[in-house]
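Structure, as structure tokens:
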Amino acid sequence: MILGIDLGTTHSLISYLKDGVPVAIANAHGEYLTPSVISVDEHGTLIVGAAAKERLFNYPDRTIASFKRLMGSTTVVKLGKHEFKPEDLSALILRSLKADAEALLKHEVREVIISVPAYFNDQQRKATRLAGELAGLTVIQLLNEPTAAALFHGIQDRDTEAKFLIFDLGGGTFDVSILEKFDGIMEVHATGGDSFLGGDDFTQVLVDWFVQQTNTATNKKNNAALMAAIRFAAESVKCKLSTQATVEMSMLVDGVPKTLTISQETFEAQCKPLLERLRAPIERALRDARLRTTDLDEVVLVGGATRMPIVRKLVAQLFARLPSRYIDPDQTIALGVAVCAGLRLRNEAFSEVVLTDVCPHSLGVRVSEEDGRGGWFRDIFLPIIERNTVIPASRVRTICTVVDNQAQLNVEIYQGESRSCSNNVKLGAVSMAIPPKPAGEVSLSVRYTYDINGILDVDVEVEQTGTATNLLIKELAGNVSDEDIERRRHELAALKIHPRDQEENRLALERANRLYEQFLGYERQQVGDLLNRFNSILETQDVPVIGKARQELTEALDYLEHSW
């Protein structure tokens with residue numbers, strides 16, 4: 001069995017096929033969405049998911065969220081006494097999802113397909129594969145998120161032929177894909193996006209606006225606890241603005257009450273630069289697909305951030321129609337990945353569905369070009385496989401020497417769209433011995449072959465001698481060896497993780513602790529009394545009694561939080 005995973009910036013989700021139908025798997029709290037948050041408590045115990053999210057308010061220096069944006073980087077995150085690379089943090093989320101699936105299915109989970117933003121570059125994709133390996137999983141395939149959404153959307157009405165655009169705005173990334181469905185084929189025409197644009201950025205707009213309008217001292221930006229509290233309040237306001245015309249954002253700063261009334265109009269005005277950034281990938285994808293907005297039959301919104309009215313308004317303006325949101329924007333991608341798993345396993349429910357995809361970024365080599373003054377520009381990117389080429393694909397270009405009597409030629413492989421290689425991502429290099437001859441008399445054919453798993457096969461041949469070499473670019477992030485993966489996997493496994501069967505109690509306690517710090521006066525006293533009562537019952541270790549007390553505590557906290 002192959003399971004599907006949506007490893008998201010804000011939430012993550014695992015799914016599987018049950019009798020040919022994609023189904024989401026609930027976590028220990030009975031929820032389908034697991035917050036992509038990691039925390040370390042004062043005892044060094046790791047907390048993953050919902051309970052960790054509650055600690056963002058109280059313990060911002062021991063908790064991290066949105067680390068998907070760090071994937072592919074060399075960033076090291078320190079939580080308590082522990083240090084983590086981004087792929088380590090993602091591995092902890094994946095391991096939690098793996099445990100949830102195993103609890104339901106009653107057998108070990110190994111093979112998975114993980115969704116990634118369509119605009120993730122090679123380094124980010126390798127880091128995602130590495131995270132899967134560190135979690136003890138075998139990553140069969142990485143699937144572009146909008147393609148996964150299109151798969152789930154497409155099987156709902158598989159007999160209809162249509163061209164549609166998937167607008168996927170998640171917590172930290174933005175993707176857009178244009179697809180066509182015909183004769184059981186799901187063909188991706190073009191994809192685009194921004195790996196650093198998502199709902200988190202809209203929340204940050206509210207944080208900055210509150211700090212500016214309430215004259216909160218700028219040196220407070222160095223106060224992690226205060227900024228975490230402001231961000232927590234801003235996230236709540238952003239959600240409320242989805243259903244309310246105006247919302248009050250209130251909190252205490254050094255004992256002084258600060259209040260700011262925010263309307264949807266004000267929020268839209270402040271978010272104008274972000275909304276403009278959403279336009280560019282859409283326009284480029286339409287150009288690459290050689291389509292106009294009127295050629296599209298449907299626009300489908302995916303991702304939790306598309307719940308914002310200002311986003312839906314922008315899409316309606318761009319396409320002169322109301323977008324479709326009848327599918328769950330939070331679960332769509334994970335369910336689509338499960339459909340992809342069915343295609344891989346040739347499940348009879350999808351026997352008539354064929355999926356094609358495209359290369360999200362251009363792949364090429366570094367070359368030199370004359371500058372017209374007797375010199376050379378030596379940082380020029382020559383595309384070999386251009387973005388949005390249907391894959392698998394194989395393309396060849398010929399390059400030649402530019403220096404007399406050159407004995408060695410270094411072929412540098414890049415991914416990106418910039419004219420300058422230094423602004424693109426270097427994937428590798430091949431060095432070839434060549435016969436020393438006058439400039440231009442020695443030529444090399446460079447062939448790139450790129451498949452659906454993101455593996456690039458590079459063949460280089462000296463045409464004058466027939467000498468050839470090959471480079472297969474498929475290594476994990478940082479070219480990690482099998483021994484390193486095994487060592488890091490054991491190190492993560494050795495970390496003390498909060499027991500899965502106690503997660504519900506931990507979540508209730510962390511939420512109560514957060515509300516205690518947020519509230520004042522009578523409400524704070526009430527939360528304190530509730531905490532004392534629940535801690536006393538926990539000491540009895542009577543599971544049924546604890547379960548009933550936890551439910552009563554949750555209901556009381558719900559009432560207090562919604563009334564506040």
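Lettering and numbering for the structure tokens are positional, with chains as A, B, ... in the shown order, residues counted from 1 in each chain, and ligands counted from 1 in the shown order.
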Write out as number ranges by chain each polymer residue whose atoms come within 6 Å of His189 of chain A, counting only C-alpha atoms; drop sequence neighbours fewer than 4 positions from it.
-> A: 178-179, 289
Please save N, CA and C atoms of the selected residues as a compact mmCIF listing (two decimals), in the first residue's frame.
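In the end it all went to result-v2.txt:
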```txt
# COMPACT_ATOMS: atom_id res chain seq x y z
N ILE A 178 -2.14 25.06 -14.76
CA ILE A 178 -3.20 25.04 -15.77
C ILE A 178 -3.23 23.63 -16.37
N LEU A 179 -4.38 23.01 -16.33
CA LEU A 179 -4.52 21.63 -16.76
C LEU A 179 -5.67 21.49 -17.75
N ALA A 289 1.18 28.51 -21.26
CA ALA A 289 0.18 27.57 -21.77
C ALA A 289 -0.47 28.07 -23.06
```
Run DSSP on the backbone of this structure and report the residues of segment 339-421 of chain A it assigns to strand (DSSP E), as an MDAnalysis selection string.
-> chainID A and resid 354:358 363:370 376:385 390:391 393:400 408:415
Write out as JSON lines a residue-level contact list of segment 141-249 of chain A versus segment 391-408 of chain A with cut-off 12 Å: for each qualifying residue the closest pair of atoms and the distance in Å to one decimal, counting only C-alpha atoms, rows sorted by chain and residue number upward.
```
{"residue": "A:Glu187", "atom": "CA", "partner": "A:Ile391", "partner_atom": "CA", "distance": 10.5}
{"residue": "A:Val188", "atom": "CA", "partner": "A:Ile391", "partner_atom": "CA", "distance": 9.7}
{"residue": "A:His189", "atom": "CA", "partner": "A:Ile391", "partner_atom": "CA", "distance": 10.8}
{"residue": "A:Ala190", "atom": "CA", "partner": "A:Ile391", "partner_atom": "CA", "distance": 11.5}
```
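For segment 21-25 of chain A, the set of protein, DNA and RNA residues having any atom at most 7 Å away, when counting only C-alpha atoms and skipping those fewer than 3 positions along the same chain, is Ile14, Ser15, Tyr16, Leu17, Lys18, Tyr32, Ala101, Leu335, Ala338 and Val339 of chain A.
The smallest atom-to-atom distance between Leu363 of chain A and any of A:Leu456, A:Ile230, A:Leu13, A:Leu560, using only C-alpha atoms, is found for A:Leu456.
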Can you list, as a VMD selection string, all residues belonging to segment 363-483 of chain A that DSSP tags as helix (DSSP H, G or I)?
-> chain A and resid 421 to 423 477 to 479 482 to 483
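Distances from A:Pro60, A:Gly44, A:Pro86, A:Gly172 to Gly8 of chain A were compared using only C-alpha atoms, and the smallest one belongs to A:Gly172.
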Test item: residues at most 8 Å from Val76 of chain A, only C-alpha atoms, excluding those fewer than 5 positions along its chain, as a VMD selection string = chain A and resid 83 to 86
